[in-house]
$ cat input-v3.cif   # mmCIF, C-alpha atoms; chains and numbers go by the auth columns
data_structure
loop_
_atom_site.group_PDB
_atom_site.id
_atom_site.type_symbol
_atom_site.label_atom_id
_atom_site.label_comp_id
_atom_site.label_asym_id
_atom_site.label_seq_id
_atom_site.Cartn_x
_atom_site.Cartn_y
_atom_site.Cartn_z
_atom_site.B_iso_or_equiv
_atom_site.auth_seq_id
_atom_site.auth_asym_id
ATOM 1 C CA MET A 1 125.305 116.746 139.713 0.00 25 A
ATOM 2 C CA SER A 2 123.302 118.100 136.822 0.00 26 A
ATOM 3 C CA ARG A 3 122.144 115.607 134.196 0.00 27 A
ATOM 4 C CA TYR A 4 125.374 115.885 132.181 0.00 28 A
ATOM 5 C CA GLN A 5 128.833 116.770 133.372 0.00 29 A
ATOM 6 C CA ARG A 6 129.372 118.606 130.114 0.00 30 A
ATOM 7 C CA HIS A 7 126.776 119.570 127.558 0.00 31 A
ATOM 8 C CA VAL A 8 127.956 120.613 124.110 0.00 32 A
ATOM 9 C CA PHE A 9 125.696 122.497 121.732 0.00 33 A
ATOM 10 C CA VAL A 10 126.710 122.418 118.077 0.00 34 A
ATOM 11 C CA CYS A 11 124.949 124.949 115.871 0.00 35 A
ATOM 12 C CA ILE A 12 123.344 123.244 112.884 0.00 36 A
ATOM 13 C CA ASN A 13 121.326 126.236 111.817 0.00 37 A
ATOM 14 C CA GLU A 14 120.719 126.538 108.086 0.00 38 A
ATOM 15 C CA ARG A 15 120.039 129.753 106.217 0.00 39 A
ATOM 16 C CA PRO A 16 119.061 130.096 102.554 0.00 40 A
ATOM 17 C CA ALA A 17 122.021 129.916 100.146 0.00 41 A
ATOM 18 C CA GLY A 18 123.659 133.321 99.676 0.00 42 A
ATOM 19 C CA HIS A 19 122.442 134.742 102.988 0.00 43 A
ATOM 20 C CA PRO A 20 124.980 137.431 104.033 0.00 44 A
ATOM 21 C CA LYS A 21 125.436 135.933 107.515 0.00 45 A
ATOM 22 C CA GLY A 22 126.170 132.466 106.170 0.00 46 A
ATOM 23 C CA CYS A 23 125.322 129.583 108.468 0.00 47 A
ATOM 24 C CA CYS A 24 127.071 126.889 110.433 0.00 48 A
ATOM 25 C CA LEU A 25 125.449 124.041 108.531 0.00 49 A
ATOM 26 C CA GLU A 26 126.928 125.087 105.187 0.00 50 A
ATOM 27 C CA LYS A 27 130.316 125.328 106.915 0.00 51 A
ATOM 28 C CA GLY A 28 130.172 121.657 107.858 0.00 52 A
ATOM 29 C CA SER A 29 128.671 121.612 111.351 0.00 53 A
ATOM 30 C CA ALA A 30 126.644 118.424 110.825 0.00 54 A
ATOM 31 C CA ALA A 31 129.846 116.453 110.233 0.00 55 A
ATOM 32 C CA ILE A 32 131.346 118.011 113.368 0.00 56 A
ATOM 33 C CA ARG A 33 128.334 116.977 115.421 0.00 57 A
ATOM 34 C CA ASP A 34 128.511 113.453 114.007 0.00 58 A
ATOM 35 C CA ALA A 35 132.234 113.201 114.761 0.00 59 A
ATOM 36 C CA LEU A 36 131.652 114.485 118.283 0.00 60 A
ATOM 37 C CA LYS A 37 128.866 111.994 118.976 0.00 61 A
ATOM 38 C CA ALA A 38 131.015 109.169 117.614 0.00 62 A
ATOM 39 C CA GLU A 39 134.054 110.192 119.665 0.00 63 A
ATOM 40 C CA LEU A 40 132.015 110.396 122.882 0.00 64 A
ATOM 41 C CA GLN A 41 130.476 107.018 122.148 0.00 65 A
ATOM 42 C CA LYS A 42 133.849 105.471 121.421 0.00 66 A
ATOM 43 C CA ARG A 43 135.155 106.639 124.789 0.00 67 A
ATOM 44 C CA GLY A 44 132.069 105.490 126.685 0.00 68 A
ATOM 45 C CA LEU A 45 131.113 109.033 127.680 0.00 69 A
ATOM 46 C CA GLY A 46 127.574 109.018 126.289 0.00 70 A
ATOM 47 C CA GLY A 47 126.011 108.891 129.747 0.00 71 A
ATOM 48 C CA ILE A 48 127.826 111.877 131.225 0.00 72 A
ATOM 49 C CA VAL A 49 128.403 114.155 128.231 0.00 73 A
ATOM 50 C CA ARG A 50 125.857 115.099 125.585 0.00 74 A
ATOM 51 C CA ALA A 51 126.517 116.462 122.115 0.00 75 A
ATOM 52 C CA ASN A 52 123.393 118.346 121.173 0.00 76 A
ATOM 53 C CA ASN A 53 122.053 119.834 118.003 0.00 77 A
ATOM 54 C CA SER A 54 121.381 123.489 118.502 0.00 78 A
ATOM 55 C CA GLY A 55 119.561 126.174 116.601 0.00 79 A
ATOM 56 C CA CYS A 56 121.338 129.432 115.795 0.00 80 A
ATOM 57 C CA LEU A 57 123.759 130.391 118.585 0.00 81 A
ATOM 58 C CA ASP A 58 124.080 133.892 117.115 0.00 82 A
ATOM 59 C CA ALA A 59 127.749 133.324 116.365 0.00 83 A
ATOM 60 C CA CYS A 60 127.218 132.822 112.619 0.00 84 A
ATOM 61 C CA ALA A 61 130.237 134.865 111.548 0.00 85 A
ATOM 62 C CA PHE A 62 132.525 132.587 113.549 0.00 86 A
ATOM 63 C CA GLY A 63 131.022 129.279 112.472 0.00 87 A
ATOM 64 C CA PRO A 64 131.018 126.419 112.663 0.00 88 A
ATOM 65 C CA SER A 65 130.320 127.316 116.282 0.00 89 A
ATOM 66 C CA MET A 66 129.752 125.377 119.470 0.00 90 A
ATOM 67 C CA VAL A 67 129.401 126.200 123.143 0.00 91 A
ATOM 68 C CA ILE A 68 130.325 123.896 125.998 0.00 92 A
ATOM 69 C CA TYR A 69 128.526 124.159 129.343 0.00 93 A
ATOM 70 C CA PRO A 70 128.693 124.574 132.283 0.00 94 A
ATOM 71 C CA GLU A 71 131.846 126.593 131.571 0.00 95 A
ATOM 72 C CA GLY A 72 130.437 128.522 128.618 0.00 96 A
ATOM 73 C CA ILE A 73 133.426 127.877 126.372 0.00 97 A
ATOM 74 C CA TRP A 74 132.753 129.114 122.842 0.00 98 A
ATOM 75 C CA TYR A 75 134.645 127.595 119.932 0.00 99 A
ATOM 76 C CA GLY A 76 134.495 128.811 116.351 0.00 100 A
ATOM 77 C CA GLY A 77 135.930 127.831 113.002 0.00 101 A
ATOM 78 C CA VAL A 78 135.877 124.261 114.240 0.00 102 A
ATOM 79 C CA LYS A 79 136.930 121.512 111.854 0.00 103 A
ATOM 80 C CA LYS A 80 135.997 117.862 112.049 0.00 104 A
ATOM 81 C CA GLU A 81 139.665 117.109 112.655 0.00 105 A
ATOM 82 C CA ASP A 82 139.571 119.200 115.854 0.00 106 A
ATOM 83 C CA VAL A 83 137.018 116.915 117.494 0.00 107 A
ATOM 84 C CA PRO A 84 139.342 114.368 119.174 0.00 108 A
ATOM 85 C CA GLU A 85 141.332 117.228 120.741 0.00 109 A
ATOM 86 C CA ILE A 86 138.151 118.959 121.922 0.00 110 A
ATOM 87 C CA VAL A 87 137.023 115.746 123.598 0.00 111 A
ATOM 88 C CA GLU A 88 140.421 114.997 125.124 0.00 112 A
ATOM 89 C CA GLN A 89 141.333 118.491 126.282 0.00 113 A
ATOM 90 C CA THR A 90 138.135 120.377 126.923 0.00 114 A
ATOM 91 C CA ILE A 91 135.423 117.813 127.502 0.00 115 A
ATOM 92 C CA ILE A 92 137.438 115.318 129.534 0.00 116 A
ATOM 93 C CA ARG A 93 140.078 117.565 131.149 0.00 117 A
ATOM 94 C CA GLY A 94 138.161 120.838 131.284 0.00 118 A
ATOM 95 C CA ALA A 95 140.983 122.753 129.585 0.00 119 A
ATOM 96 C CA VAL A 96 140.440 125.501 127.024 0.00 120 A
ATOM 97 C CA ILE A 97 142.071 125.181 123.581 0.00 121 A
ATOM 98 C CA PRO A 98 143.098 128.801 122.884 0.00 122 A
ATOM 99 C CA ARG A 99 143.360 128.399 119.105 0.00 123 A
ATOM 100 C CA LEU A 100 139.672 127.411 118.849 0.00 124 A
ATOM 101 C CA LEU A 101 138.259 130.199 121.008 0.00 125 A
ATOM 102 C CA ILE A 102 136.086 132.653 119.116 0.00 126 A
ATOM 103 C CA LYS A 103 138.274 135.705 118.637 0.00 127 A
ATOM 104 C CA ASP A 104 135.799 138.309 119.769 0.00 128 A
ATOM 105 C CA SER A 105 135.868 139.897 123.187 0.00 129 A
ATOM 106 C CA ARG A 106 132.219 139.050 123.827 0.00 130 A
ATOM 107 C CA TYR A 107 133.058 135.344 123.705 0.00 131 A
ATOM 108 C CA VAL A 108 136.129 135.228 125.906 0.00 132 A
ATOM 109 C CA PRO A 109 135.440 132.782 128.721 0.00 133 A
ATOM 110 C CA GLY A 110 135.411 134.495 132.080 0.00 134 A
ATOM 111 C CA ALA A 111 133.875 134.211 135.502 0.00 135 A
ATOM 112 C CA LEU A 112 130.461 132.646 135.279 0.00 136 A
ATOM 113 C CA GLN A 113 127.485 134.545 136.555 0.00 137 A
ATOM 114 C CA TYR A 114 125.269 132.956 139.182 0.00 138 A
ATOM 115 C CA GLY A 115 122.453 134.507 141.144 0.00 139 A
ATOM 116 C CA HIS A 116 120.860 137.727 139.995 0.00 140 A
ATOM 117 C CA LEU A 117 121.595 138.944 136.467 0.00 141 A
ATOM 118 C CA LYS A 118 123.913 141.904 136.107 0.00 142 A
ATOM 119 C CA MET A 119 121.260 144.061 134.525 0.00 143 A
ATOM 120 C CA SER A 120 123.758 146.829 133.831 0.00 144 A
ATOM 121 C CA GLU A 121 125.090 144.718 130.980 0.00 145 A
ATOM 122 C CA ALA A 122 121.702 144.550 129.253 0.00 146 A
ATOM 123 C CA LYS A 123 121.373 146.685 126.140 0.00 147 A
ATOM 124 C CA MET B 1 131.828 136.810 131.460 0.00 15 B
ATOM 125 C CA SER B 2 130.747 134.218 128.942 0.00 16 B
ATOM 126 C CA ARG B 3 128.728 135.456 125.971 0.00 17 B
ATOM 127 C CA TYR B 4 125.413 135.139 127.819 0.00 18 B
ATOM 128 C CA GLN B 5 124.734 135.362 131.530 0.00 19 B
ATOM 129 C CA ARG B 6 122.096 132.690 131.081 0.00 20 B
ATOM 130 C CA HIS B 7 121.513 130.469 128.088 0.00 21 B
ATOM 131 C CA VAL B 8 118.235 128.598 127.836 0.00 22 B
ATOM 132 C CA PHE B 9 117.806 125.645 125.498 0.00 23 B
ATOM 133 C CA VAL B 10 114.228 124.712 124.653 0.00 24 B
ATOM 134 C CA CYS B 11 113.814 121.325 123.018 0.00 25 B
ATOM 135 C CA ILE B 12 111.865 121.630 119.773 0.00 26 B
ATOM 136 C CA ASN B 13 112.610 118.125 118.591 0.00 27 B
ATOM 137 C CA GLU B 14 109.886 116.522 116.495 0.00 28 B
ATOM 138 C CA ARG B 15 109.280 112.790 116.130 0.00 29 B
ATOM 139 C CA PRO B 16 106.828 111.104 113.797 0.00 30 B
ATOM 140 C CA ALA B 17 103.241 111.041 115.099 0.00 31 B
ATOM 141 C CA GLY B 18 102.618 108.050 117.345 0.00 32 B
ATOM 142 C CA HIS B 19 106.275 107.580 118.312 0.00 33 B
ATOM 143 C CA PRO B 20 106.300 105.912 121.753 0.00 34 B
ATOM 144 C CA LYS B 21 108.654 108.503 123.238 0.00 35 B
ATOM 145 C CA GLY B 22 106.508 111.413 122.102 0.00 36 B
ATOM 146 C CA CYS B 23 108.335 114.678 121.498 0.00 37 B
ATOM 147 C CA CYS B 24 108.541 118.146 122.963 0.00 38 B
ATOM 148 C CA LEU B 25 107.305 119.853 119.802 0.00 39 B
ATOM 149 C CA GLU B 26 103.945 118.057 119.845 0.00 40 B
ATOM 150 C CA LYS B 27 103.629 119.044 123.510 0.00 41 B
ATOM 151 C CA GLY B 28 103.798 122.732 122.617 0.00 42 B
ATOM 152 C CA SER B 29 107.474 123.622 122.958 0.00 43 B
ATOM 153 C CA ALA B 30 107.523 126.027 119.995 0.00 44 B
ATOM 154 C CA ALA B 31 104.969 128.258 121.730 0.00 45 B
ATOM 155 C CA ILE B 32 107.062 128.122 124.911 0.00 46 B
ATOM 156 C CA ARG B 33 110.172 129.197 123.014 0.00 47 B
ATOM 157 C CA ASP B 34 108.242 132.032 121.362 0.00 48 B
ATOM 158 C CA ALA B 35 106.858 133.200 124.699 0.00 49 B
ATOM 159 C CA LEU B 36 110.319 133.060 126.249 0.00 50 B
ATOM 160 C CA LYS B 37 111.908 135.074 123.450 0.00 51 B
ATOM 161 C CA ALA B 38 109.114 137.648 123.657 0.00 52 B
ATOM 162 C CA GLU B 39 109.387 137.940 127.459 0.00 53 B
ATOM 163 C CA LEU B 40 113.177 138.426 127.301 0.00 54 B
ATOM 164 C CA GLN B 41 112.762 141.028 124.595 0.00 55 B
ATOM 165 C CA LYS B 42 110.083 142.858 126.543 0.00 56 B
ATOM 166 C CA ARG B 43 112.392 143.123 129.545 0.00 57 B
ATOM 167 C CA GLY B 44 115.381 144.225 127.480 0.00 58 B
ATOM 168 C CA LEU B 45 117.375 141.094 128.299 0.00 59 B
ATOM 169 C CA GLY B 46 118.084 139.995 124.726 0.00 60 B
ATOM 170 C CA GLY B 47 121.749 140.961 124.954 0.00 61 B
ATOM 171 C CA ILE B 48 122.570 139.009 128.117 0.00 62 B
ATOM 172 C CA VAL B 49 120.232 136.012 127.954 0.00 63 B
ATOM 173 C CA ARG B 50 119.560 133.797 124.977 0.00 64 B
ATOM 174 C CA ALA B 51 116.578 131.526 124.376 0.00 65 B
ATOM 175 C CA ASN B 52 117.797 128.885 121.982 0.00 66 B
ATOM 176 C CA ASN B 53 116.148 126.201 119.912 0.00 67 B
ATOM 177 C CA SER B 54 117.605 122.865 120.788 0.00 68 B
ATOM 178 C CA GLY B 55 117.489 119.412 119.295 0.00 69 B
ATOM 179 C CA CYS B 56 116.495 116.461 121.462 0.00 70 B
ATOM 180 C CA LEU B 57 117.709 116.941 125.050 0.00 71 B
ATOM 181 C CA ASP B 58 116.962 113.268 125.787 0.00 72 B
ATOM 182 C CA ALA B 59 114.297 114.245 128.296 0.00 73 B
ATOM 183 C CA CYS B 60 111.383 113.393 126.003 0.00 74 B
ATOM 184 C CA ALA B 61 109.275 111.712 128.683 0.00 75 B
ATOM 185 C CA PHE B 62 109.304 114.895 130.748 0.00 76 B
ATOM 186 C CA GLY B 63 108.617 117.342 127.957 0.00 77 B
ATOM 187 C CA PRO B 64 108.212 120.050 127.077 0.00 78 B
ATOM 188 C CA SER B 65 111.750 120.275 128.434 0.00 79 B
ATOM 189 C CA MET B 66 114.326 123.002 128.782 0.00 80 B
ATOM 190 C CA VAL B 67 117.710 123.378 130.433 0.00 81 B
ATOM 191 C CA ILE B 68 119.158 126.620 131.742 0.00 82 B
ATOM 192 C CA TYR B 69 122.939 127.128 131.862 0.00 83 B
ATOM 193 C CA PRO B 70 125.358 127.739 133.478 0.00 84 B
ATOM 194 C CA GLU B 71 123.452 126.223 136.419 0.00 85 B
ATOM 195 C CA GLY B 72 122.129 123.200 134.544 0.00 86 B
ATOM 196 C CA ILE B 73 118.570 123.640 135.786 0.00 87 B
ATOM 197 C CA TRP B 74 116.226 121.197 134.027 0.00 88 B
ATOM 198 C CA TYR B 75 112.535 122.006 133.777 0.00 89 B
ATOM 199 C CA GLY B 76 109.880 119.685 132.415 0.00 90 B
ATOM 200 C CA GLY B 77 106.155 119.758 131.760 0.00 91 B
ATOM 201 C CA VAL B 78 106.555 123.460 131.110 0.00 92 B
ATOM 202 C CA LYS B 79 103.523 125.433 129.994 0.00 93 B
ATOM 203 C CA LYS B 80 103.503 128.709 128.106 0.00 94 B
ATOM 204 C CA GLU B 81 101.911 130.281 131.174 0.00 95 B
ATOM 205 C CA ASP B 82 104.999 129.381 133.244 0.00 96 B
ATOM 206 C CA VAL B 83 107.289 131.561 131.126 0.00 97 B
ATOM 207 C CA PRO B 84 106.967 134.900 132.980 0.00 98 B
ATOM 208 C CA GLU B 85 107.743 133.129 136.273 0.00 99 B
ATOM 209 C CA ILE B 86 110.719 131.314 134.743 0.00 100 B
ATOM 210 C CA VAL B 87 112.114 134.635 133.528 0.00 101 B
ATOM 211 C CA GLU B 88 111.442 136.465 136.775 0.00 102 B
ATOM 212 C CA GLN B 89 112.564 133.785 139.216 0.00 103 B
ATOM 213 C CA THR B 90 115.135 131.639 137.463 0.00 104 B
ATOM 214 C CA ILE B 91 116.581 133.698 134.647 0.00 105 B
ATOM 215 C CA ILE B 92 116.723 137.047 136.413 0.00 106 B
ATOM 216 C CA ARG B 93 117.067 136.001 140.083 0.00 107 B
ATOM 217 C CA GLY B 94 118.806 132.657 139.634 0.00 108 B
ATOM 218 C CA ALA B 95 116.265 130.844 141.814 0.00 109 B
ATOM 219 C CA VAL B 96 114.947 127.356 141.096 0.00 110 B
ATOM 220 C CA ILE B 97 111.174 126.828 140.782 0.00 111 B
ATOM 221 C CA PRO B 98 110.710 123.449 142.500 0.00 112 B
ATOM 222 C CA ARG B 99 107.390 122.607 140.845 0.00 113 B
ATOM 223 C CA LEU B 100 108.940 122.770 137.372 0.00 114 B
ATOM 224 C CA LEU B 101 111.999 120.623 138.099 0.00 115 B
ATOM 225 C CA ILE B 102 112.033 117.316 136.241 0.00 116 B
ATOM 226 C CA LYS B 103 111.028 114.744 138.838 0.00 117 B
ATOM 227 C CA ASP B 104 113.773 112.240 138.158 0.00 118 B
ATOM 228 C CA SER B 105 116.872 111.898 140.296 0.00 119 B
ATOM 229 C CA ARG B 106 119.164 112.217 137.280 0.00 120 B
ATOM 230 C CA TYR B 107 117.939 115.760 136.704 0.00 121 B
ATOM 231 C CA VAL B 108 118.103 117.161 140.224 0.00 122 B
ATOM 232 C CA PRO B 109 120.338 120.224 140.128 0.00 123 B
ATOM 233 C CA GLY B 110 123.458 119.748 142.186 0.00 124 B
ATOM 234 C CA ALA B 111 127.041 120.842 142.373 0.00 125 B
ATOM 235 C CA LEU B 112 128.380 121.569 138.920 0.00 126 B
ATOM 236 C CA GLN B 113 131.368 119.679 137.655 0.00 127 B
ATOM 237 C CA TYR B 114 134.426 121.597 136.515 0.00 128 B
ATOM 238 C CA GLY B 115 137.834 120.291 135.584 0.00 129 B
ATOM 239 C CA HIS B 116 138.326 116.632 134.794 0.00 130 B
ATOM 240 C CA LEU B 117 135.244 114.493 134.196 0.00 131 B
ATOM 241 C CA LYS B 118 134.259 112.058 136.931 0.00 132 B
ATOM 242 C CA MET B 119 134.758 109.053 134.718 0.00 133 B
ATOM 243 C CA SER B 120 133.361 106.721 137.373 0.00 134 B
ATOM 244 C CA GLU B 121 129.911 108.007 136.473 0.00 135 B
ATOM 245 C CA ALA B 122 130.240 106.969 132.831 0.00 136 B
ATOM 246 C CA LYS B 123 128.220 103.924 131.824 0.00 137 B
#
$ encode --input "input-v3.cif" --output "structure tokens"
Amino acid sequence: MSRYQRHVFVCINERPAGHPKGCCLEKGSAAIRDALKAELQKRGLGGIVRANNSGCLDACAFGPSMVIYPEGIWYGGVKKEDVPEIVEQTIIRGAVIPRLLIKDSRYVPGALQYGHLKMSEAK
Amino acid sequence: MSRYQRHVFVCINERPAGHPKGCCLEKGSAAIRDALKAELQKRGLGGIVRANNSGCLDACAFGPSMVIYPEGIWYGGVKKEDVPEIVEQTIIRGAVIPRLLIKDSRYVPGALQYGHLKMSEAK
């Protein structure tokens, strides 16, 4: 077993005010991270699941963004109120919440890639 | 396919000078992240692999630390000079570099956990 059964990275990147890309922090990601840490703690999951601060995940337009490994599930437009459902459904049960998936074909969860990279997908 | 074929999180957490845990940033993790980004760019892998800043990965004692998903491979004591090998062996080929693995049984890579959490491992 890897160190954590699930490892959640919440983007808390901050850009200067007025930056055209916006940033997850100004969209409330710090409160989401706090709520996630609190919910995991409350359920006694701190030892097997980690909620991590992350730098820019390059999903700024869809923020606040997070990615959950090992599955590579990308959620966007997350609200603090979504956190208990994310913990219950995705983190504990391993189920995707379709409404929170980033609506961009590059982020649709699919078969994970192990072994050699598929270099043909490099740009 | 998830957004990235491999997603590397490099801890750049900083603690106050003299903190007993130390921190990855004072051990040179920013230079490691820079070298990793440059190496990925040089090989044209920017679109399929991401090198990400990360907050504290809770592996401070083993730093500079990084974790590579989806496999959940944890490396510690990483030096800037290790970066080309990490890209070549682990990121491109998917092979573990034993010497860089964090030498603590909690971090040994093993079978990944999908589906419902194994709650019995919670503390």
$ closest_residue --input "input-v3.cif" --among "B:Ser119, B:Gln127, B:Asn27, B:Ser134" --to "chain A" --atoms "all atoms listed in the file"
B:Gln127
$ calpha_fit_and_write --input "input-v3.cif" --fixed "chain B" --moving "chain A" --output "mmCIF file with C-alpha atoms, keeping the file's coordinate frame"
data_model
loop_
_atom_site.group_PDB
_atom_site.id
_atom_site.type_symbol
_atom_site.label_atom_id
_atom_site.label_comp_id
_atom_site.auth_asym_id
_atom_site.auth_seq_id
_atom_site.Cartn_x
_atom_site.Cartn_y
_atom_site.Cartn_z
ATOM 1 C CA MET A 25 131.838 136.792 131.478
ATOM 2 C CA SER A 26 130.754 134.218 128.947
ATOM 3 C CA ARG A 27 128.728 135.452 125.977
ATOM 4 C CA TYR A 28 125.403 135.138 127.826
ATOM 5 C CA GLN A 29 124.726 135.354 131.522
ATOM 6 C CA ARG A 30 122.084 132.688 131.088
ATOM 7 C CA HIS A 31 121.518 130.474 128.091
ATOM 8 C CA VAL A 32 118.233 128.600 127.841
ATOM 9 C CA PHE A 33 117.808 125.655 125.505
ATOM 10 C CA VAL A 34 114.230 124.722 124.656
ATOM 11 C CA CYS A 35 113.805 121.326 123.024
ATOM 12 C CA ILE A 36 111.862 121.629 119.777
ATOM 13 C CA ASN A 37 112.601 118.131 118.601
ATOM 14 C CA GLU A 38 109.888 116.518 116.500
ATOM 15 C CA ARG A 39 109.297 112.801 116.140
ATOM 16 C CA PRO A 40 106.844 111.102 113.776
ATOM 17 C CA ALA A 41 103.252 111.034 115.072
ATOM 18 C CA GLY A 42 102.630 108.032 117.330
ATOM 19 C CA HIS A 43 106.280 107.572 118.295
ATOM 20 C CA PRO A 44 106.304 105.897 121.753
ATOM 21 C CA LYS A 45 108.669 108.509 123.224
ATOM 22 C CA GLY A 46 106.522 111.417 122.084
ATOM 23 C CA CYS A 47 108.338 114.682 121.483
ATOM 24 C CA CYS A 48 108.540 118.147 122.942
ATOM 25 C CA LEU A 49 107.292 119.860 119.801
ATOM 26 C CA GLU A 50 103.935 118.073 119.847
ATOM 27 C CA LYS A 51 103.620 119.048 123.517
ATOM 28 C CA GLY A 52 103.795 122.730 122.625
ATOM 29 C CA SER A 53 107.473 123.634 122.956
ATOM 30 C CA ALA A 54 107.516 126.036 119.994
ATOM 31 C CA ALA A 55 104.967 128.267 121.730
ATOM 32 C CA ILE A 56 107.060 128.129 124.909
ATOM 33 C CA ARG A 57 110.160 129.196 123.010
ATOM 34 C CA ASP A 58 108.240 132.031 121.359
ATOM 35 C CA ALA A 59 106.850 133.206 124.702
ATOM 36 C CA LEU A 60 110.313 133.061 126.243
ATOM 37 C CA LYS A 61 111.897 135.074 123.435
ATOM 38 C CA ALA A 62 109.107 137.647 123.670
ATOM 39 C CA GLU A 63 109.390 137.938 127.454
ATOM 40 C CA LEU A 64 113.170 138.421 127.296
ATOM 41 C CA GLN A 65 112.748 141.022 124.581
ATOM 42 C CA LYS A 66 110.075 142.847 126.537
ATOM 43 C CA ARG A 67 112.391 143.111 129.533
ATOM 44 C CA GLY A 68 115.379 144.220 127.464
ATOM 45 C CA LEU A 69 117.367 141.085 128.286
ATOM 46 C CA GLY A 70 118.083 139.982 124.717
ATOM 47 C CA GLY A 71 121.750 140.939 124.955
ATOM 48 C CA ILE A 72 122.570 138.996 128.108
ATOM 49 C CA VAL A 73 120.209 136.014 127.970
ATOM 50 C CA ARG A 74 119.539 133.798 124.968
ATOM 51 C CA ALA A 75 116.569 131.524 124.382
ATOM 52 C CA ASN A 76 117.791 128.887 121.984
ATOM 53 C CA ASN A 77 116.150 126.221 119.920
ATOM 54 C CA SER A 78 117.598 122.873 120.788
ATOM 55 C CA GLY A 79 117.485 119.424 119.295
ATOM 56 C CA CYS A 80 116.484 116.474 121.468
ATOM 57 C CA LEU A 81 117.693 116.951 125.056
ATOM 58 C CA ASP A 82 116.957 113.287 125.800
ATOM 59 C CA ALA A 83 114.291 114.253 128.311
ATOM 60 C CA CYS A 84 111.376 113.393 126.002
ATOM 61 C CA ALA A 85 109.273 111.714 128.684
ATOM 62 C CA PHE A 86 109.297 114.906 130.743
ATOM 63 C CA GLY A 87 108.584 117.338 127.925
ATOM 64 C CA PRO A 88 108.213 120.049 127.071
ATOM 65 C CA SER A 89 111.746 120.271 128.434
ATOM 66 C CA MET A 90 114.326 123.004 128.778
ATOM 67 C CA VAL A 91 117.707 123.378 130.428
ATOM 68 C CA ILE A 92 119.155 126.619 131.737
ATOM 69 C CA TYR A 93 122.925 127.134 131.856
ATOM 70 C CA PRO A 94 125.349 127.742 133.468
ATOM 71 C CA GLU A 95 123.468 126.228 136.416
ATOM 72 C CA GLY A 96 122.126 123.212 134.538
ATOM 73 C CA ILE A 97 118.565 123.633 135.780
ATOM 74 C CA TRP A 98 116.227 121.206 134.022
ATOM 75 C CA TYR A 99 112.535 122.015 133.767
ATOM 76 C CA GLY A 100 109.874 119.689 132.412
ATOM 77 C CA GLY A 101 106.160 119.769 131.756
ATOM 78 C CA VAL A 102 106.549 123.471 131.105
ATOM 79 C CA LYS A 103 103.505 125.434 129.991
ATOM 80 C CA LYS A 104 103.481 128.704 128.111
ATOM 81 C CA GLU A 105 101.904 130.285 131.178
ATOM 82 C CA ASP A 106 104.992 129.377 133.240
ATOM 83 C CA VAL A 107 107.275 131.554 131.124
ATOM 84 C CA PRO A 108 106.964 134.897 132.978
ATOM 85 C CA GLU A 109 107.742 133.132 136.276
ATOM 86 C CA ILE A 110 110.724 131.320 134.746
ATOM 87 C CA VAL A 111 112.111 134.634 133.522
ATOM 88 C CA GLU A 112 111.439 136.462 136.784
ATOM 89 C CA GLN A 113 112.566 133.775 139.211
ATOM 90 C CA THR A 114 115.138 131.640 137.473
ATOM 91 C CA ILE A 115 116.574 133.698 134.650
ATOM 92 C CA ILE A 116 116.728 137.050 136.426
ATOM 93 C CA ARG A 117 117.088 135.990 140.083
ATOM 94 C CA GLY A 118 118.822 132.645 139.629
ATOM 95 C CA ALA A 119 116.279 130.842 141.820
ATOM 96 C CA VAL A 120 114.956 127.357 141.106
ATOM 97 C CA ILE A 121 111.183 126.832 140.785
ATOM 98 C CA PRO A 122 110.735 123.442 142.505
ATOM 99 C CA ARG A 123 107.392 122.627 140.871
ATOM 100 C CA LEU A 124 108.946 122.770 137.377
ATOM 101 C CA LEU A 125 112.000 120.630 138.102
ATOM 102 C CA ILE A 126 112.038 117.332 136.246
ATOM 103 C CA LYS A 127 111.052 114.756 138.840
ATOM 104 C CA ASP A 128 113.782 112.252 138.159
ATOM 105 C CA SER A 129 116.872 111.912 140.291
ATOM 106 C CA ARG A 130 119.173 112.225 137.283
ATOM 107 C CA TYR A 131 117.939 115.775 136.708
ATOM 108 C CA VAL A 132 118.117 117.176 140.214
ATOM 109 C CA PRO A 133 120.358 120.234 140.123
ATOM 110 C CA GLY A 134 123.474 119.741 142.188
ATOM 111 C CA ALA A 135 127.068 120.836 142.380
ATOM 112 C CA LEU A 136 128.397 121.575 138.939
ATOM 113 C CA GLN A 137 131.380 119.678 137.678
ATOM 114 C CA TYR A 138 134.432 121.596 136.517
ATOM 115 C CA GLY A 139 137.834 120.275 135.586
ATOM 116 C CA HIS A 140 138.323 116.619 134.799
ATOM 117 C CA LEU A 141 135.238 114.474 134.201
ATOM 118 C CA LYS A 142 134.265 112.047 136.927
ATOM 119 C CA MET A 143 134.758 109.036 134.717
ATOM 120 C CA SER A 144 133.378 106.712 137.377
ATOM 121 C CA GLU A 145 129.920 107.983 136.491
ATOM 122 C CA ALA A 146 130.249 106.941 132.845
ATOM 123 C CA LYS A 147 128.242 103.884 131.856
#
$ resolve_selection --input "input-v3.cif" --expression "the PyMOL selection byres ((chain B and resi 66) around 7)" --output "number ranges by chain"
A: 79; B: 22-24, 64-65, 67-68
$ resolve_selection --input "input-v3.cif" --expression "the PyMOL selection byres ((chain B and resi 41) around 12)" --output "PyMOL selection string"
chain B and resi 25-29+31+35-40+42-46+74-79+90-94
$ closest_residue --input "input-v3.cif" --among "B:Met80, B:Arg47, B:Lys117, B:Glu53" --to "Glu99 of chain B" --atoms "only C-alpha atoms"
B:Glu53
$ atom_distance --input "input-v3.cif" --atom1 "atom CA of Pro44 of chain A" --atom2 "atom CA of Asp48 of chain B"
24.7 Å
$ atom_distance --input "input-v3.cif" --atom1 "atom CA of Pro30 of chain B" --atom2 "atom CA of Lys61 of chain A"
22.7 Å
$ atom_distance --input "input-v3.cif" --atom1 "atom CA of Ile116 of chain B" --atom2 "atom CA of Ala49 of chain B"
20.3 Å
$ axis_aligned_box --input "input-v3.cif" --around "segment 76-86 of chain B" --padding-each-side "8 Å" --output "lines of an AutoDock Vina configuration file"
center_x = 116.8
center_y = 121.3
center_z = 131.7
size_x = 33.1
size_y = 28.8
size_z = 25.3
